[in-house]
>>> print(open('start.csv').read())   # CSV, C-alpha atoms
chain,number,residue,atom,x,y,z
A,1,MET,CA,24.6,32.5,-5.7
A,2,ASN,CA,22.1,34.4,-7.8
A,3,PRO,CA,18.7,32.9,-8.5
A,4,TYR,CA,19.5,31.8,-12.0
A,5,ASP,CA,22.7,30.0,-11.0
A,6,TYR,CA,20.9,28.3,-8.1
A,7,GLN,CA,18.1,27.2,-10.5
A,8,THR,CA,20.7,25.8,-13.0
A,9,PHE,CA,22.5,24.0,-10.1
A,10,ARG,CA,19.4,22.5,-8.7
A,11,ILE,CA,18.2,21.2,-12.1
A,12,ALA,CA,21.6,19.6,-12.7
A,13,TYR,CA,21.7,18.2,-9.2
A,14,GLU,CA,18.2,16.7,-9.3
A,15,VAL,CA,18.7,15.3,-12.8
A,16,ILE,CA,22.0,13.5,-11.7
A,17,SER,CA,20.3,12.2,-8.6
A,18,ALA,CA,17.4,10.8,-10.8
A,19,ILE,CA,19.9,9.2,-13.2
A,20,ILE,CA,21.7,7.5,-10.3
A,21,CYS,CA,18.4,6.1,-9.0
A,22,LEU,CA,17.6,4.9,-12.6
A,23,VAL,CA,20.9,3.0,-12.7
A,24,LEU,CA,20.2,1.5,-9.3
A,25,VAL,CA,16.7,0.4,-10.5
A,26,ARG,CA,18.4,-1.2,-13.5
A,27,PHE,CA,20.6,-3.3,-11.2
A,28,MET,CA,18.0,-4.0,-8.6
A,29,ILE,CA,15.4,-5.3,-11.0
A,30,LYS,CA,17.6,-8.2,-12.0
A,31,PRO,CA,16.4,-10.7,-9.3
A,32,TYR,CA,12.8,-10.1,-10.3
A,33,GLN,CA,13.6,-10.6,-14.0
A,34,LEU,CA,15.3,-13.9,-13.2
A,35,THR,CA,12.7,-15.3,-10.8
A,36,LYS,CA,9.5,-13.3,-11.6
A,37,GLU,CA,8.9,-13.2,-7.8
A,38,SER,CA,7.0,-10.0,-6.9
A,39,ARG,CA,8.7,-9.8,-3.5
A,40,TYR,CA,11.9,-8.7,-5.3
A,41,LEU,CA,10.2,-5.6,-6.6
A,42,GLY,CA,10.5,-3.7,-3.3
A,43,LEU,CA,14.0,-2.2,-3.8
A,44,PRO,CA,13.5,-1.2,-7.5
A,45,LEU,CA,10.1,0.3,-6.6
A,46,GLY,CA,11.6,2.2,-3.7
A,47,PHE,CA,14.5,3.7,-5.6
A,48,GLY,CA,12.3,4.2,-8.6
A,49,PHE,CA,9.9,6.3,-6.6
A,50,LEU,CA,12.8,8.1,-5.1
A,51,GLY,CA,14.3,8.8,-8.5
A,52,ALA,CA,10.8,10.0,-9.7
A,53,THR,CA,10.8,12.6,-7.0
A,54,TYR,CA,14.2,13.9,-8.0
A,55,ALA,CA,13.1,14.1,-11.7
A,56,LEU,CA,9.9,15.9,-10.7
A,57,ALA,CA,12.0,18.4,-8.6
A,58,ALA,CA,14.1,19.1,-11.7
A,59,PHE,CA,11.1,19.7,-13.8
A,60,ILE,CA,9.7,22.0,-11.2
A,61,PHE,CA,12.9,24.1,-11.1
A,62,TYR,CA,13.0,24.1,-14.9
A,63,GLN,CA,9.4,25.3,-15.3
A,64,PRO,CA,8.3,26.7,-11.9
A,65,TYR,CA,5.2,28.4,-13.4
A,66,PHE,CA,4.1,25.4,-15.5
A,67,PHE,CA,3.4,23.0,-12.6
A,68,GLY,CA,0.6,23.7,-10.3
A,69,SER,CA,1.0,24.0,-6.5
A,70,THR,CA,-0.3,20.5,-6.0
A,71,THR,CA,2.7,19.1,-7.8
A,72,ILE,CA,5.0,19.7,-4.8
A,73,TYR,CA,2.5,17.7,-2.7
A,74,LEU,CA,2.8,14.8,-5.1
A,75,GLN,CA,6.5,14.9,-4.7
A,76,LEU,CA,6.1,14.5,-0.9
A,77,ILE,CA,3.8,11.6,-1.3
A,78,LEU,CA,6.1,9.8,-3.8
A,79,ARG,CA,9.1,10.3,-1.6
A,80,SER,CA,7.4,8.9,1.5
A,81,PHE,CA,6.1,5.9,-0.4
A,82,ALA,CA,9.6,5.3,-1.7
A,83,PHE,CA,10.8,4.8,1.9
A,84,ILE,CA,7.7,2.8,2.7
A,85,PHE,CA,8.5,0.3,-0.1
A,86,LEU,CA,12.1,0.1,1.2
A,87,VAL,CA,11.0,-0.5,4.8
A,88,VAL,CA,8.5,-3.2,3.7
A,89,THR,CA,11.1,-4.9,1.5
A,90,TYR,CA,13.6,-5.2,4.3
A,91,TYR,CA,11.0,-6.2,6.8
A,92,PHE,CA,9.8,-9.1,4.7
A,93,SER,CA,13.4,-10.1,3.8
A,94,ARG,CA,13.6,-12.0,7.1
A,95,GLN,CA,10.5,-14.1,6.3
A,96,THR,CA,10.6,-17.5,4.6
A,97,ALA,CA,10.1,-17.5,0.8
A,98,ASP,CA,6.5,-18.7,0.9
A,99,VAL,CA,5.4,-16.5,3.8
A,100,GLY,CA,7.3,-13.5,2.5
A,101,ARG,CA,5.7,-13.9,-1.0
A,102,LYS,CA,2.2,-14.0,0.3
A,103,LEU,CA,2.6,-11.1,2.7
A,104,TRP,CA,4.4,-9.0,0.1
A,105,ASN,CA,1.6,-9.5,-2.5
A,106,THR,CA,-1.0,-8.5,0.1
A,107,THR,CA,1.1,-5.5,1.3
A,108,LEU,CA,1.8,-4.4,-2.3
A,109,ALA,CA,-1.9,-4.2,-3.0
A,110,ILE,CA,-2.6,-2.3,0.2
A,111,LEU,CA,0.2,0.2,-0.6
A,112,ILE,CA,-1.1,0.8,-4.1
A,113,ILE,CA,-4.6,1.5,-2.8
A,114,ALA,CA,-3.1,3.8,-0.1
A,115,PHE,CA,-1.0,5.6,-2.7
A,116,LEU,CA,-4.1,6.2,-5.0
A,117,THR,CA,-6.1,7.3,-2.0
A,118,LEU,CA,-3.6,10.0,-1.2
A,119,PHE,CA,-2.8,10.8,-4.8
A,120,LEU,CA,-6.4,11.5,-5.9
A,121,PRO,CA,-7.1,14.5,-3.6
A,122,VAL,CA,-3.8,16.1,-4.8
A,123,ILE,CA,-4.9,16.1,-8.5
A,124,ILE,CA,-8.5,17.0,-7.9
A,125,PRO,CA,-9.0,20.7,-8.4
A,126,ASP,CA,-10.4,23.0,-5.7
A,127,ILE,CA,-9.6,20.6,-2.9
A,128,ALA,CA,-8.3,22.4,0.2
A,129,LEU,CA,-4.8,21.0,1.0
A,130,PRO,CA,-3.0,21.4,4.3
A,131,SER,CA,-0.1,23.8,4.7
A,132,TYR,CA,2.9,22.7,2.6
A,133,GLN,CA,5.4,23.6,5.3
A,134,LEU,CA,3.5,21.5,7.8
A,135,THR,CA,3.1,18.6,5.4
A,136,SER,CA,6.7,18.8,4.4
A,137,SER,CA,7.9,18.8,8.0
A,138,PHE,CA,5.7,15.8,8.9
A,139,THR,CA,6.8,13.8,5.9
A,140,ARG,CA,10.5,14.5,6.5
A,141,VAL,CA,10.2,13.2,10.1
A,142,PHE,CA,8.3,10.2,8.8
A,143,ASN,CA,10.9,9.5,6.2
A,144,LEU,CA,13.7,9.8,8.8
A,145,ILE,CA,11.9,7.2,11.0
A,146,CYS,CA,11.7,4.9,8.0
A,147,ILE,CA,15.4,5.3,7.2
A,148,ILE,CA,16.4,4.7,10.8
A,149,TYR,CA,14.5,1.4,10.7
A,150,ILE,CA,16.3,0.4,7.5
A,151,CYS,CA,19.7,1.4,9.1
A,152,ALA,CA,19.0,-0.8,12.1
A,153,HIS,CA,17.7,-3.7,10.0
A,154,THR,CA,20.7,-3.7,7.5
A,155,LEU,CA,23.2,-3.2,10.4
A,156,ARG,CA,21.7,-6.2,12.3
A,157,SER,CA,21.8,-8.3,9.1
A,158,HIS,CA,25.5,-7.5,8.7
A,159,VAL,CA,26.3,-8.4,12.3
A,160,GLU,CA,24.5,-11.7,11.9
A,161,LYS,CA,26.2,-12.5,8.7
A,162,PRO,CA,29.3,-10.2,8.3
A,163,GLU,CA,30.6,-9.8,4.7
A,164,PRO,CA,32.9,-7.1,3.3
A,165,GLU,CA,30.3,-5.8,1.0
A,166,THR,CA,27.3,-5.7,3.3
A,167,ILE,CA,28.8,-3.3,5.8
A,168,TRP,CA,28.4,-0.5,3.2
A,169,ILE,CA,24.7,-0.9,2.9
A,170,PRO,CA,23.9,0.5,6.4
A,171,PHE,CA,26.4,3.2,5.8
A,172,GLY,CA,24.5,4.3,2.7
A,173,TYR,CA,21.3,4.5,4.6
A,174,ILE,CA,23.0,6.3,7.5
A,175,PHE,CA,24.2,9.0,5.2
A,176,LEU,CA,20.7,9.2,3.8
A,177,ALA,CA,19.3,9.6,7.3
A,178,ILE,CA,21.8,12.3,8.1
A,179,SER,CA,20.7,14.2,4.9
A,180,GLN,CA,17.1,13.8,5.9
A,181,TYR,CA,17.8,15.1,9.4
A,182,LEU,CA,19.6,18.1,8.1
A,183,LEU,CA,16.6,18.9,6.0
A,184,ILE,CA,14.5,18.9,9.2
A,185,ILE,CA,17.0,21.3,10.8
A,186,PHE,CA,16.7,23.6,7.8
A,187,ALA,CA,12.9,23.5,8.0
A,188,VAL,CA,13.2,24.6,11.7
A,189,ASP,CA,15.8,27.4,11.6
A,190,GLU,CA,16.5,27.9,7.8
A,191,SER,CA,20.2,27.1,8.2
A,192,MET,CA,21.7,27.2,4.8
A,193,ALA,CA,24.7,25.2,6.1
A,194,ALA,CA,22.3,22.4,6.9
A,195,TRP,CA,20.6,22.7,3.5
A,196,TRP,CA,23.8,22.5,1.5
A,197,SER,CA,25.2,19.7,3.7
A,198,ALA,CA,22.0,17.8,3.1
A,199,LEU,CA,22.4,18.0,-0.6
A,200,GLY,CA,26.0,16.9,-0.5
A,201,ILE,CA,25.4,14.0,1.8
A,202,ARG,CA,22.5,12.8,-0.3
A,203,TRP,CA,25.0,12.3,-3.2
A,204,VAL,CA,27.4,10.4,-0.8
A,205,ALA,CA,24.6,8.0,0.1
A,206,LEU,CA,23.6,7.5,-3.6
A,207,ALA,CA,27.2,7.0,-4.6
A,208,ILE,CA,27.6,4.3,-1.9
A,209,PHE,CA,24.5,2.5,-3.2
A,210,LEU,CA,25.7,2.8,-6.8
A,211,ILE,CA,29.1,1.3,-5.9
A,212,ILE,CA,27.5,-1.6,-4.1
A,213,SER,CA,25.1,-2.3,-6.9
A,214,CYS,CA,27.9,-2.1,-9.6
A,215,ARG,CA,30.0,-4.5,-7.6
A,216,SER,CA,27.1,-6.9,-7.0
A,217,PHE,CA,26.2,-6.8,-10.7
A,218,TYR,CA,29.8,-7.4,-11.7
A,219,CYS,CA,30.0,-10.4,-9.4
A,220,PHE,CA,26.7,-11.7,-10.7
A,221,LYS,CA,27.9,-11.5,-14.3
A,222,ARG,CA,31.3,-13.0,-13.4
A,223,GLY,CA,29.5,-15.9,-11.7
A,224,ASP,CA,27.5,-16.5,-14.8
>>> encode(input="start.csv", output="structure tokens")
Amino acid sequence: MNPYDYQTFRIAYEVISAIICLVLVRFMIKPYQLTKESRYLGLPLGFGFLGATYALAAFIFYQPYFFGSTTIYLQLILRSFAFIFLVVTYYFSRQTADVGRKLWNTTLAILIIAFLTLFLPVIIPDIALPSYQLTSSFTRVFNLICIIYICAHTLRSHVEKPEPETIWIPFGYIFLAISQYLLIIFAVDESMAAWWSALGIRWVALAIFLIISCRSFYCFKRGD
């Protein structure tokens, strides 16, 4: 594949990934809209941040010389915080409503402060940043650890309360974990097979989440 074809493919790929995340956010924001409970913001924030990284990647491929080198660091920060929001959401889902609400509000404030703390050095000019390759490798390992936790949590929740729909949730995260693991392999030995497989498996994971969300939204509307 020549560079132009690859650039076109990646723009389309990242744009579609971002659109899928946007649709997921549209579905996942429903509980918050109905209850105004901030503890229901975790999932839409997580997938919203994830979609933002995909949209940012598409812009970078579209105008590679327009964006500064610090933009790719911002993408790494956003993606890690996407998974942090998901981890925190699932962790607090096992708490009682009152306890979970208080802990979530406190954690949300801490996460916002932490995000701004990491974000500011990226946008300040003339700040020496660590090697992108090293930072990327570290964040991918961190993201994989987060996804593995979510896989374990959602699988345990399904085992405790088995339902036909819930079994697909851990499968979605398992595919997302496999995609992340393949990206780590690519970073180590530059295996193009791992790279292309990671891109394909990411879409499998997003498709599973989209199907689950569509069915849940349909059931919600039908119940109304």
>>> atom_distance(input="start.csv", atom1="CA of Phe81 (chain A)", atom2="CA of Arg26 (chain A)")
19.3 Å
>>> residues_around(input="start.csv", residues="Ala58 (chain A)", least_positions_apart="4", cutoff="9 Å", atoms="only C-alpha atoms", output="number ranges by chain")
A: 10-15, 18, 53-54, 62-63
>>> closest_residue(input="start.csv", among="A:Tyr6, A:Tyr181, A:Phe175, A:Phe92", to="Arg202 (chain A)", atoms="only C-alpha atoms")
A:Phe175
>>> residues_around(input="start.csv", residues="Leu111 (chain A)", least_positions_apart="4", cutoff="9 Å", atoms="all atoms listed in the file", output="PyMOL selection string")
chain A and resi 81+84-85+106-107+115-116
>>> atom_distance(input="start.csv", atom1="CA of Gly51 (chain A)", atom2="CA of Glu163 (chain A)")
28.0 Å
>>> residues_around(input="start.csv", residues="Ser17 (chain A)", least_positions_apart="5", cutoff="12 Å", atoms="all atoms listed in the file", output="list in words")
Arg10, Ile11, Ala12, Leu22, Val23, Leu24, Phe47, Gly48, Leu50, Gly51, Ala52, Thr53, Tyr54, Ala55, Leu56, Ala57, Ala58, Leu199, Gly200, Ile201, Arg202, Trp203, Val204, Ala205, Leu206, Ala207, Phe209 and Leu210 of chain A
>>> closest_residue(input="start.csv", among="A:Ser80, A:Asn105, A:Asn143, A:Ser131", to="Ser179 (chain A)", atoms="only C-alpha atoms")
A:Asn143
>>> atom_distance(input="start.csv", atom1="CA of Leu43 (chain A)", atom2="CA of Met28 (chain A)")
6.5 Å
>>> closest_residue(input="start.csv", among="A:Leu45, A:Met192, A:Tyr132, A:Gln180", to="Ile112 (chain A)", atoms="only C-alpha atoms")
A:Leu45
>>> closest_residue(input="start.csv", among="A:Lys30, A:Lys161, A:Arg94, A:Arg140", to="Leu176 (chain A)", atoms="all atoms listed in the file")
A:Arg140
>>> closest_residue(input="start.csv", among="A:Leu86, A:Ile60, A:Leu108, A:Leu103", to="Leu74 (chain A)", atoms="all atoms listed in the file")
A:Ile60
>>> build_atoms(input="start.csv", residues="region 157-173 of chain A", atoms="N, CA, C and O atoms", output="mmCIF file, keeping the file's coordinate frame")
data_model
loop_
_atom_site.group_PDB
_atom_site.id
_atom_site.type_symbol
_atom_site.label_atom_id
_atom_site.label_comp_id
_atom_site.auth_asym_id
_atom_site.auth_seq_id
_atom_site.Cartn_x
_atom_site.Cartn_y
_atom_site.Cartn_z
ATOM 1 N N SER A 157 21.555 -7.239 10.073
ATOM 2 C CA SER A 157 21.800 -8.300 9.100
ATOM 3 C C SER A 157 23.281 -8.501 8.866
ATOM 4 O O SER A 157 23.762 -9.633 8.735
ATOM 5 N N HIS A 158 24.030 -7.392 8.845
ATOM 6 C CA HIS A 158 25.500 -7.500 8.700
ATOM 7 C C HIS A 158 26.144 -8.150 9.860
ATOM 8 O O HIS A 158 27.050 -8.973 9.704
ATOM 9 N N VAL A 159 25.693 -7.788 11.063
ATOM 10 C CA VAL A 159 26.300 -8.400 12.300
ATOM 11 C C VAL A 159 26.007 -9.867 12.330
ATOM 12 O O VAL A 159 26.879 -10.658 12.725
ATOM 13 N N GLU A 160 24.800 -10.281 11.922
ATOM 14 C CA GLU A 160 24.500 -11.700 11.900
ATOM 15 C C GLU A 160 25.244 -12.483 10.890
ATOM 16 O O GLU A 160 25.605 -13.651 11.114
ATOM 17 N N LYS A 161 25.488 -11.848 9.753
ATOM 18 C CA LYS A 161 26.200 -12.500 8.700
ATOM 19 C C LYS A 161 27.197 -11.513 8.062
ATOM 20 O O LYS A 161 26.931 -10.955 6.996
ATOM 21 N N PRO A 162 28.341 -11.262 8.742
ATOM 22 C CA PRO A 162 29.300 -10.200 8.300
ATOM 23 C C PRO A 162 29.953 -10.597 6.954
ATOM 24 O O PRO A 162 30.487 -11.688 6.805
ATOM 25 N N GLU A 163 29.882 -9.678 6.020
ATOM 26 C CA GLU A 163 30.600 -9.800 4.700
ATOM 27 C C GLU A 163 31.132 -8.438 4.386
ATOM 28 O O GLU A 163 30.566 -7.404 4.767
ATOM 29 N N PRO A 164 32.269 -8.412 3.664
ATOM 30 C CA PRO A 164 32.900 -7.100 3.300
ATOM 31 C C PRO A 164 31.972 -6.143 2.621
ATOM 32 O O PRO A 164 32.034 -4.936 2.846
ATOM 33 N N GLU A 165 31.122 -6.662 1.744
ATOM 34 C CA GLU A 165 30.300 -5.800 1.000
ATOM 35 C C GLU A 165 29.073 -5.246 1.744
ATOM 36 O O GLU A 165 28.658 -4.105 1.571
ATOM 37 N N THR A 166 28.511 -6.082 2.631
ATOM 38 C CA THR A 166 27.300 -5.700 3.300
ATOM 39 C C THR A 166 27.415 -4.570 4.289
ATOM 40 O O THR A 166 26.426 -3.913 4.625
ATOM 41 N N ILE A 167 28.629 -4.335 4.784
ATOM 42 C CA ILE A 167 28.800 -3.300 5.800
ATOM 43 C C ILE A 167 28.516 -1.900 5.166
ATOM 44 O O ILE A 167 28.125 -0.965 5.875
ATOM 45 N N TRP A 168 28.663 -1.777 3.839
ATOM 46 C CA TRP A 168 28.400 -0.500 3.200
ATOM 47 C C TRP A 168 26.957 -0.160 3.034
ATOM 48 O O TRP A 168 26.593 1.001 2.867
ATOM 49 N N ILE A 169 26.106 -1.181 3.075
ATOM 50 C CA ILE A 169 24.700 -0.900 2.900
ATOM 51 C C ILE A 169 24.116 -0.068 4.046
ATOM 52 O O ILE A 169 23.477 0.965 3.787
ATOM 53 N N PRO A 170 24.339 -0.432 5.335
ATOM 54 C CA PRO A 170 23.900 0.500 6.400
ATOM 55 C C PRO A 170 24.501 1.839 6.356
ATOM 56 O O PRO A 170 23.856 2.838 6.693
ATOM 57 N N PHE A 171 25.779 1.912 5.928
ATOM 58 C CA PHE A 171 26.400 3.200 5.800
ATOM 59 C C PHE A 171 25.711 4.097 4.799
ATOM 60 O O PHE A 171 25.550 5.310 5.003
ATOM 61 N N GLY A 172 25.278 3.509 3.696
ATOM 62 C CA GLY A 172 24.500 4.300 2.700
ATOM 63 C C GLY A 172 23.256 4.849 3.275
ATOM 64 O O GLY A 172 22.937 6.036 3.078
ATOM 65 N N TYR A 173 22.534 4.037 4.030
ATOM 66 C CA TYR A 173 21.300 4.500 4.600
ATOM 67 C C TYR A 173 21.554 5.491 5.780
ATOM 68 O O TYR A 173 20.740 6.396 6.030
#
